[in-house]
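The block underneath contains the structure these notes are about, expressed in structure tokens.
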Amino acid sequence: MDFDKILENVGTFGRIQKLHYMIICLAHLFAAQYVLSLTFIGISPGYKCKDRPDAEDPCALDPPCEQFVYGDQFTSIITEWDLVCEKEKYAGYAQSVVFSGFLIGNIVIGTICDMYGRKKTLVIGSALIVAVQIISAFTTSFRQFLVSRFITGFLTANVAAAVLILEMTHKSVRAILSNLSSNFFAFSIAILALTAYFIRDWRHLMIFSNVPMIFALILFWFLPESPRWLASKGRVTEAEDVLIDIAHKNGISIPRSMVSMAEEKPTSNKGETTKNLMDAFKAHELRRRLLILMYVWPVTCMTYYGLTYQSSSLGGNKYIDVAASGLIEIPGLLIATYICEKFGRKKTSVACYLLGAVTCFGFILVPGNTGHDGESHVQIALALTGKMGIAAAFCVLYTYTGELMPTVLRSTGIGACSMVARVGGIIAPLLITLGDGVSYGTYGITCLIAGVMVMSLPETKNKPIPETIDDIESSKVTQDVKYTRVDDNETDEDKL
């Protein structure tokens, strides 16, 4: 009996699964504060030299200014440690340090998640990140703050929530629920902007923005462990107990035989309960999938952040701009959810990358009736359309990657792909300095190649999630045999 059939027996998406889903999504709803808090605490309210307040450029004084006076709109790490003039670049280091932690955390935490379980990783990781975020509010030096930012980035790479959604939902609703969870992060950006609007002191903001996550952390404790993961570790009885409990809470009384997973894990696969990334690269088909995804992820990240950085201001108010930058993604995510369920992951991904490529090439080729910030109105429309398309691609990519990976390596695979994706995030701002032609041209070319490469990946819509590496390799062999037989038949006909 395959796992999706077992989920049908206990309730495809019953009331307890709905509750579990909403609890898991809380991890996304309050995540922006960890990744994007520097949007507010890393900016300057304006400053003057205390001794010479009339100087037009306080950084060009001779002798240099020794004490600065800042605007009273808000406080930040800039005002705390005088990160102005020659120290202005230091503020940017804080964001780079976050991504550095993210790079390392993706692969480490992904491996931990596969070794010790989805629930433990989610609960412990969330508790640690709340603690580190609060501790960072009490740092007394910029170096201490950077250390706290690195650890925050490391812990933010926790993929347990995304993997839980993939593994605990039926194939008929898996893509919809996984894609809809991305909307919670979009709302998270708006929540951060709203919180920052009312709390203008950076230390207070770091503390109070964590309060909702503390309540979410309590709820995480009541989530069950992924029965897929339990079965992959040979803990079949525990997996069956979780499924029976889900059925009971859905008002369904079923015998243990209807959730039996004895056939789910043949004895020949017991050696697959513990695998790492090197095992993935030893398998031909899984290696091929990973190499394609490890190109697609950085391209998606680079294009997404590049278009975000280069999008025009919506009116000059930083709180409104940041909130809008999150909320504007929701229409694209909803459209992607519908198309993904209607036409499949593969076709949706290809369409999103081709849309990104076409709009980026169009941005370069469209001549200029000058509009906002020197760009034509058509260029602005193309840039926004491209951003919605690539946001949709990012949304689908998490689901698609999870369904292409086996259970024994799912967290590790997603973590590895997410890790290399951060390279794209680092490249994006460097491309921007080279001008619109180079940056948009790079986005367009790389998205076009990504779309072509995704065409060679298998469709996963309404297909069982692979549990072991052998499931993927045997599936590839079956396909190869099928095509060989077709070719043999054609040859026989030709001979006749």
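Ordered as shown in the structure tokens, chains take letters A, B, and onward, while each chain numbers its residues from 1 and ligands are numbered from 1 in the order shown.
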Show me a table, sorted first by chain and then by increasing residue number, of the residues of range 29-77 of chain A having an atom at most 12 Å from range 128-140 of chain A, each with its shortest atom pair and the distance in Å to one decimal, counting only C-alpha atoms and written as a Markdown table.
```
| residue | atom | partner | partner_atom | distance |
| --- | --- | --- | --- | --- |
| A:Phe30 | CA | A:Val130 | CA | 10.7 |
| A:Ala31 | CA | A:Ile129 | CA | 10.2 |
| A:Gln33 | CA | A:Gln133 | CA | 9.2 |
| A:Tyr34 | CA | A:Gln133 | CA | 7.6 |
| A:Val35 | CA | A:Gln133 | CA | 11.0 |
| A:Ser37 | CA | A:Gln133 | CA | 10.3 |
| A:Ile41 | CA | A:Ala137 | CA | 10.8 |
| A:Ser76 | CA | A:Ala137 | CA | 10.9 |
| A:Ile77 | CA | A:Ala137 | CA | 10.2 |
```
Which residues of range 285-376 of chain A have any atom within 6 Å of an atom in range 189-210 of chain A when counting only C-alpha atoms, and what is the closest pair of atoms for each, with the distance in Å to one decimal? Order the rows by chain and rising number and write it as a tab-separated table.
```
residue	atom	partner	partner_atom	distance
A:Tyr319	CA	A:Ala193	CA	5.3
A:Ala323	CA	A:Ala190	CA	4.0
A:Gly326	CA	A:Ile189	CA	5.4
```
> When distances are computed from only C-alpha atoms, which of A:Thr412, A:Ser456, A:Ser182, A:Ser44 shows the smallest separation from Gln73 in chain A?
Replying inline: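 Counting only C-alpha atoms, the residue closest to Gln73 in chain A is A:Ser44.
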> Using only C-alpha atoms, which of A:Ser141, A:Thr237, A:Thr337, A:Gln17 sits nearest Leu180 in chain A?
Replying inline: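 Smallest separation from Leu180 in chain A among the options: A:Thr337.
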> A:Leu333, A:Leu430, A:Val97, A:Cys447: which is nearest Phe150 in chain A, counting only C-alpha atoms?
Replying inline: A:Val97
> Contacts of Ser325 in chain A at 8 Å or less, counting only C-alpha atoms, minus same-chain residues fewer than 3 places along, as a list of chain:residue names?
Replying inline: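 The filter keeps A:Ile189, A:Thr308, A:Asp321, A:Val322, A:Ile328, A:Glu329.
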So that I have them on file, write out the residues from the current selection with all heavy atoms, as a tab-separated table (two decimals), in the first residue's frame.
```
chain	number	residue	atom	x	y	z
A	189	ILE	N	6.39	39.75	5.55
A	189	ILE	CA	7.09	40.99	5.20
A	189	ILE	C	6.25	42.20	5.60
A	189	ILE	O	6.76	43.18	6.16
A	189	ILE	CB	7.42	41.02	3.70
A	189	ILE	CG1	8.34	39.85	3.34
A	189	ILE	CG2	8.07	42.34	3.31
A	189	ILE	CD1	8.60	39.70	1.85
A	308	THR	N	13.90	42.40	-7.61
A	308	THR	CA	13.41	43.08	-6.41
A	308	THR	C	14.23	44.33	-6.12
A	308	THR	O	13.70	45.41	-5.87
A	308	THR	CB	13.46	42.15	-5.19
A	308	THR	OG1	12.65	40.99	-5.44
A	308	THR	CG2	12.94	42.84	-3.94
A	321	ASP	N	6.72	50.79	1.16
A	321	ASP	CA	7.45	50.11	0.10
A	321	ASP	C	7.76	48.66	0.46
A	321	ASP	O	7.59	47.75	-0.35
A	321	ASP	CB	8.75	50.85	-0.20
A	321	ASP	CG	8.51	52.17	-0.91
A	321	ASP	OD1	7.36	52.42	-1.31
A	321	ASP	OD2	9.47	52.95	-1.05
A	322	VAL	N	8.23	48.44	1.68
A	322	VAL	CA	8.59	47.08	2.10
A	322	VAL	C	7.35	46.21	2.20
A	322	VAL	O	7.35	45.06	1.76
A	322	VAL	CB	9.34	47.12	3.46
A	322	VAL	CG1	9.54	45.71	3.99
A	322	VAL	CG2	10.68	47.82	3.30
A	328	ILE	N	2.82	42.25	-3.08
A	328	ILE	CA	2.68	42.19	-4.54
A	328	ILE	C	2.97	40.78	-5.07
A	328	ILE	O	2.59	40.44	-6.19
A	328	ILE	CB	3.63	43.22	-5.21
A	328	ILE	CG1	3.17	43.50	-6.64
A	328	ILE	CG2	5.07	42.73	-5.18
A	328	ILE	CD1	3.94	44.63	-7.29
A	329	GLU	N	3.63	39.96	-4.26
A	329	GLU	CA	3.93	38.59	-4.69
A	329	GLU	C	2.72	37.68	-4.62
A	329	GLU	O	2.68	36.65	-5.29
A	329	GLU	CB	5.04	38.01	-3.81
A	329	GLU	CG	6.37	38.71	-3.94
A	329	GLU	CD	7.44	38.06	-3.05
A	329	GLU	OE1	7.20	36.92	-2.60
A	329	GLU	OE2	8.47	38.69	-2.82
```
>> From the options A:Ala247, A:Val98, A:Ile432, A:Leu177, which residue's atoms come nearest to Val147 in chain A, counting only C-alpha atoms?
In response: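 Once distances to Val147 in chain A are computed over only C-alpha atoms, the minimum belongs to A:Val98.
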> Glu459 in chain A: which residues within 8 Å, counting only C-alpha atoms, same-chain residues fewer than 3 positions away excluded, as a PyMOL selection string?
Replying inline: chain A and resi 344-346
> Leaving out Lys119 in chain A and any residue of its chain fewer than 3 positions from it, which residues lie within 8 Å of it when counting only C-alpha atoms, given as a list in words?
Replying inline: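 The residues satisfying every condition are Leu122, Val123, Ala160, Phe220, Trp221, Leu223, Pro224, Glu225 and Ser226 of chain A.
Non-sequential neighbours of Gly389 in chain A (distance at most 9 Å, separation of 5 or more positions within a chain, only C-alpha atoms) are Gly332, Leu333, Ala336, Ala351, Cys352, Tyr353, Leu354, Leu355, Gly356, Leu384 and Phe394 of chain A.
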Selected residues, all heavy atoms, written as a short mmCIF file (atom, residue, chain, number, x, y, z; two decimals), in the first residue's frame, please.
```
data_model
loop_
_atom_site.label_atom_id
_atom_site.label_comp_id
_atom_site.auth_asym_id
_atom_site.auth_seq_id
_atom_site.Cartn_x
_atom_site.Cartn_y
_atom_site.Cartn_z
N GLY A 332 0.89 36.54 -7.90
CA GLY A 332 1.69 35.59 -8.65
C GLY A 332 1.69 34.21 -8.03
O GLY A 332 1.63 33.19 -8.73
N LEU A 333 1.75 34.17 -6.69
CA LEU A 333 1.76 32.89 -6.00
C LEU A 333 0.43 32.15 -6.16
O LEU A 333 0.39 30.93 -6.33
CB LEU A 333 2.07 33.10 -4.52
CG LEU A 333 3.45 33.69 -4.19
CD1 LEU A 333 3.56 33.97 -2.70
CD2 LEU A 333 4.55 32.75 -4.65
N ALA A 336 0.23 30.82 -9.68
CA ALA A 336 1.12 29.66 -9.81
C ALA A 336 0.50 28.42 -9.18
O ALA A 336 0.63 27.31 -9.71
CB ALA A 336 2.47 29.96 -9.15
N ALA A 351 7.04 27.44 -17.96
CA ALA A 351 6.33 28.66 -18.35
C ALA A 351 6.82 29.87 -17.55
O ALA A 351 6.99 30.97 -18.10
CB ALA A 351 4.82 28.48 -18.15
N CYS A 352 7.06 29.68 -16.26
CA CYS A 352 7.52 30.78 -15.40
C CYS A 352 8.90 31.27 -15.82
O CYS A 352 9.15 32.48 -15.89
CB CYS A 352 7.54 30.34 -13.94
SG CYS A 352 5.92 30.14 -13.18
N TYR A 353 9.81 30.33 -16.13
CA TYR A 353 11.16 30.74 -16.54
C TYR A 353 11.15 31.40 -17.91
O TYR A 353 11.87 32.38 -18.15
CB TYR A 353 12.10 29.54 -16.53
CG TYR A 353 12.42 29.07 -15.14
CD1 TYR A 353 12.06 27.80 -14.70
CD2 TYR A 353 13.08 29.90 -14.24
CE1 TYR A 353 12.33 27.37 -13.41
CE2 TYR A 353 13.34 29.49 -12.94
CZ TYR A 353 12.97 28.22 -12.54
OH TYR A 353 13.23 27.82 -11.26
N LEU A 354 10.33 30.90 -18.82
CA LEU A 354 10.23 31.52 -20.13
C LEU A 354 9.61 32.91 -20.03
O LEU A 354 10.03 33.84 -20.74
CB LEU A 354 9.41 30.63 -21.08
CG LEU A 354 10.04 29.28 -21.45
CD1 LEU A 354 9.14 28.52 -22.42
CD2 LEU A 354 11.43 29.48 -22.05
N LEU A 355 8.63 33.07 -19.14
CA LEU A 355 8.05 34.39 -18.91
C LEU A 355 9.11 35.34 -18.37
O LEU A 355 9.22 36.50 -18.81
CB LEU A 355 6.89 34.29 -17.92
CG LEU A 355 6.25 35.62 -17.50
CD1 LEU A 355 5.64 36.33 -18.70
CD2 LEU A 355 5.18 35.37 -16.42
N GLY A 356 9.92 34.86 -17.42
CA GLY A 356 10.99 35.68 -16.88
C GLY A 356 11.98 36.08 -17.96
O GLY A 356 12.43 37.23 -18.02
N LEU A 384 7.86 44.25 -13.47
CA LEU A 384 6.94 43.73 -12.46
C LEU A 384 6.37 42.38 -12.87
O LEU A 384 6.21 41.48 -12.05
CB LEU A 384 5.82 44.73 -12.21
CG LEU A 384 6.21 46.03 -11.51
CD1 LEU A 384 5.03 46.99 -11.43
CD2 LEU A 384 6.76 45.75 -10.12
N PHE A 394 9.80 30.36 -7.98
CA PHE A 394 10.39 30.06 -6.67
C PHE A 394 9.40 29.25 -5.82
O PHE A 394 9.77 28.31 -5.12
CB PHE A 394 10.75 31.36 -5.95
CG PHE A 394 12.13 31.34 -5.36
CD1 PHE A 394 12.83 32.52 -5.18
CD2 PHE A 394 12.74 30.17 -4.96
CE1 PHE A 394 14.12 32.53 -4.65
CE2 PHE A 394 14.02 30.15 -4.42
CZ PHE A 394 14.70 31.34 -4.27
#
```
> Near Thr121 in chain A, within 8 Å and counting only C-alpha atoms, which residues show up once chain neighbours fewer than 2 positions away are dropped, as a PyMOL selection string?
Replying inline: chain A and resi 109+112-113+116-119+123-125+158+160
Restricting it to all heavy atoms, dump the selection as a PDB file, in the first residue's frame.
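After the write, part01.pdb holds the following:
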```
ATOM      1  N   ILE A 109      21.644  21.861   8.422  1.00  0.00           N
ATOM      2  CA  ILE A 109      20.339  21.626   9.040  1.00  0.00           C
ATOM      3  C   ILE A 109      19.520  20.645   8.221  1.00  0.00           C
ATOM      4  O   ILE A 109      18.740  19.851   8.766  1.00  0.00           O
ATOM      5  CB  ILE A 109      19.596  22.958   9.253  1.00  0.00           C
ATOM      6  CG1 ILE A 109      20.371  23.825  10.250  1.00  0.00           C
ATOM      7  CG2 ILE A 109      18.173  22.721   9.751  1.00  0.00           C
ATOM      8  CD1 ILE A 109      19.723  25.141  10.579  1.00  0.00           C
ATOM      9  N   ILE A 112      20.690  17.317   9.363  1.00  0.00           N
ATOM     10  CA  ILE A 112      20.171  17.065  10.714  1.00  0.00           C
ATOM     11  C   ILE A 112      18.698  16.673  10.658  1.00  0.00           C
ATOM     12  O   ILE A 112      18.245  15.765  11.359  1.00  0.00           O
ATOM     13  CB  ILE A 112      20.371  18.304  11.606  1.00  0.00           C
ATOM     14  CG1 ILE A 112      21.860  18.520  11.884  1.00  0.00           C
ATOM     15  CG2 ILE A 112      19.593  18.175  12.918  1.00  0.00           C
ATOM     16  CD1 ILE A 112      22.162  19.814  12.614  1.00  0.00           C
ATOM     17  N   CYS A 113      17.961  17.355   9.798  1.00  0.00           N
ATOM     18  CA  CYS A 113      16.528  17.087   9.654  1.00  0.00           C
ATOM     19  C   CYS A 113      16.284  15.661   9.162  1.00  0.00           C
ATOM     20  O   CYS A 113      15.352  14.989   9.613  1.00  0.00           O
ATOM     21  CB  CYS A 113      15.931  18.100   8.671  1.00  0.00           C
ATOM     22  SG  CYS A 113      14.139  18.148   8.637  1.00  0.00           S
ATOM     23  N   TYR A 116      17.559  13.251  12.371  1.00  0.00           N
ATOM     24  CA  TYR A 116      16.900  13.260  13.682  1.00  0.00           C
ATOM     25  C   TYR A 116      15.406  13.583  13.630  1.00  0.00           C
ATOM     26  O   TYR A 116      14.745  13.586  14.669  1.00  0.00           O
ATOM     27  CB  TYR A 116      17.603  14.256  14.606  1.00  0.00           C
ATOM     28  CG  TYR A 116      19.055  13.907  14.848  1.00  0.00           C
ATOM     29  CD1 TYR A 116      20.072  14.609  14.217  1.00  0.00           C
ATOM     30  CD2 TYR A 116      19.396  12.853  15.690  1.00  0.00           C
ATOM     31  CE1 TYR A 116      21.410  14.273  14.426  1.00  0.00           C
ATOM     32  CE2 TYR A 116      20.731  12.507  15.904  1.00  0.00           C
ATOM     33  CZ  TYR A 116      21.731  13.224  15.263  1.00  0.00           C
ATOM     34  OH  TYR A 116      23.038  12.883  15.462  1.00  0.00           O
ATOM     35  N   GLY A 117      14.888  13.872  12.455  1.00  0.00           N
ATOM     36  CA  GLY A 117      13.452  14.068  12.344  1.00  0.00           C
ATOM     37  C   GLY A 117      13.049  15.491  12.039  1.00  0.00           C
ATOM     38  O   GLY A 117      13.768  16.439  12.349  1.00  0.00           O
ATOM     39  N   ARG A 118      11.868  15.620  11.446  1.00  0.00           N
ATOM     40  CA  ARG A 118      11.363  16.938  11.038  1.00  0.00           C
ATOM     41  C   ARG A 118      10.898  17.752  12.253  1.00  0.00           C
ATOM     42  O   ARG A 118      11.198  18.941  12.377  1.00  0.00           O
ATOM     43  CB  ARG A 118      10.201  16.798  10.074  1.00  0.00           C
ATOM     44  CG  ARG A 118      10.330  16.015   8.796  1.00  0.00           C
ATOM     45  CD  ARG A 118      11.604  15.430   8.393  1.00  0.00           C
ATOM     46  NE  ARG A 118      11.495  14.739   7.103  1.00  0.00           N
ATOM     47  CZ  ARG A 118      12.523  14.278   6.447  1.00  0.00           C
ATOM     48  NH1 ARG A 118      13.751  14.399   6.941  1.00  0.00           N
ATOM     49  NH2 ARG A 118      12.368  13.670   5.285  1.00  0.00           N
ATOM     50  N   LYS A 119      10.168  17.106  13.152  1.00  0.00           N
ATOM     51  CA  LYS A 119       9.596  17.830  14.292  1.00  0.00           C
ATOM     52  C   LYS A 119      10.683  18.351  15.229  1.00  0.00           C
ATOM     53  O   LYS A 119      10.660  19.526  15.629  1.00  0.00           O
ATOM     54  CB  LYS A 119       8.639  16.917  15.070  1.00  0.00           C
ATOM     55  CG  LYS A 119       8.041  17.584  16.301  1.00  0.00           C
ATOM     56  CD  LYS A 119       7.132  16.631  17.061  1.00  0.00           C
ATOM     57  CE  LYS A 119       6.639  17.264  18.361  1.00  0.00           C
ATOM     58  NZ  LYS A 119       5.730  16.370  19.108  1.00  0.00           N
ATOM     59  N   VAL A 123      11.240  22.321  16.078  1.00  0.00           N
ATOM     60  CA  VAL A 123      11.050  22.846  17.436  1.00  0.00           C
ATOM     61  C   VAL A 123      12.351  23.426  17.995  1.00  0.00           C
ATOM     62  O   VAL A 123      12.401  24.570  18.458  1.00  0.00           O
ATOM     63  CB  VAL A 123      10.502  21.750  18.368  1.00  0.00           C
ATOM     64  CG1 VAL A 123      10.469  22.242  19.808  1.00  0.00           C
ATOM     65  CG2 VAL A 123       9.104  21.323  17.930  1.00  0.00           C
ATOM     66  N   ILE A 124      13.415  22.633  17.948  1.00  0.00           N
ATOM     67  CA  ILE A 124      14.687  23.083  18.522  1.00  0.00           C
ATOM     68  C   ILE A 124      15.258  24.255  17.734  1.00  0.00           C
ATOM     69  O   ILE A 124      15.745  25.238  18.309  1.00  0.00           O
ATOM     70  CB  ILE A 124      15.689  21.915  18.582  1.00  0.00           C
ATOM     71  CG1 ILE A 124      15.178  20.826  19.518  1.00  0.00           C
ATOM     72  CG2 ILE A 124      17.061  22.408  19.049  1.00  0.00           C
ATOM     73  CD1 ILE A 124      16.029  19.572  19.540  1.00  0.00           C
ATOM     74  N   GLY A 125      15.184  24.173  16.406  1.00  0.00           N
ATOM     75  CA  GLY A 125      15.688  25.268  15.572  1.00  0.00           C
ATOM     76  C   GLY A 125      14.944  26.565  15.811  1.00  0.00           C
ATOM     77  O   GLY A 125      15.550  27.639  15.897  1.00  0.00           O
ATOM     78  N   ASN A 158      16.415  26.481   8.268  1.00  0.00           N
ATOM     79  CA  ASN A 158      15.645  25.304   8.692  1.00  0.00           C
ATOM     80  C   ASN A 158      14.558  24.987   7.659  1.00  0.00           C
ATOM     81  O   ASN A 158      13.639  25.771   7.441  1.00  0.00           O
ATOM     82  CB  ASN A 158      15.008  25.578  10.055  1.00  0.00           C
ATOM     83  CG  ASN A 158      14.546  24.305  10.736  1.00  0.00           C
ATOM     84  OD1 ASN A 158      14.261  23.309  10.083  1.00  0.00           O
ATOM     85  ND2 ASN A 158      14.469  24.343  12.060  1.00  0.00           N
ATOM     86  N   ALA A 160      12.625  22.247   7.817  1.00  0.00           N
ATOM     87  CA  ALA A 160      11.728  21.239   8.396  1.00  0.00           C
ATOM     88  C   ALA A 160      10.260  21.543   8.112  1.00  0.00           C
ATOM     89  O   ALA A 160       9.478  20.628   7.826  1.00  0.00           O
ATOM     90  CB  ALA A 160      11.967  21.138   9.904  1.00  0.00           C
TER      91      ALA A 160
END
```
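In this structure, CA of Gly424 in chain A sits 7.8 Å away from CA of Thr303 in chain A.
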> Just asking: which residues within range 141-384 of chain A are alpha helix (DSSP H) according to DSSP, as a PyMOL selection string?
Replying inline: chain A and resi 142-156+160-167+174-198+202-208+211-220+227-232+236-249+277-282+284-310+318-327+329-343+345-365+377-384
> Of the candidates A:Thr442, A:Asn179, A:Gln379, A:Ser257, which shows the shortest atom-to-atom distance to Ile339 in chain A, using only C-alpha atoms?
Replying inline: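 Between A:Thr442, A:Asn179, A:Gln379, A:Ser257, the residue approaching Ile339 in chain A most closely is A:Asn179.
For the residues A:Ala27, A:Met388, A:Ala127, A:Ile43, ranking by smallest atom-to-atom distance to Glu80 in chain A using only C-alpha atoms places A:Ile43 first.
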> Distance CA of Tyr400 in chain A-CA of Glu341 in chain A, one decimal place?
Replying inline: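 Going from CA of Tyr400 in chain A over to CA of Glu341 in chain A, I get 11.7 Å.
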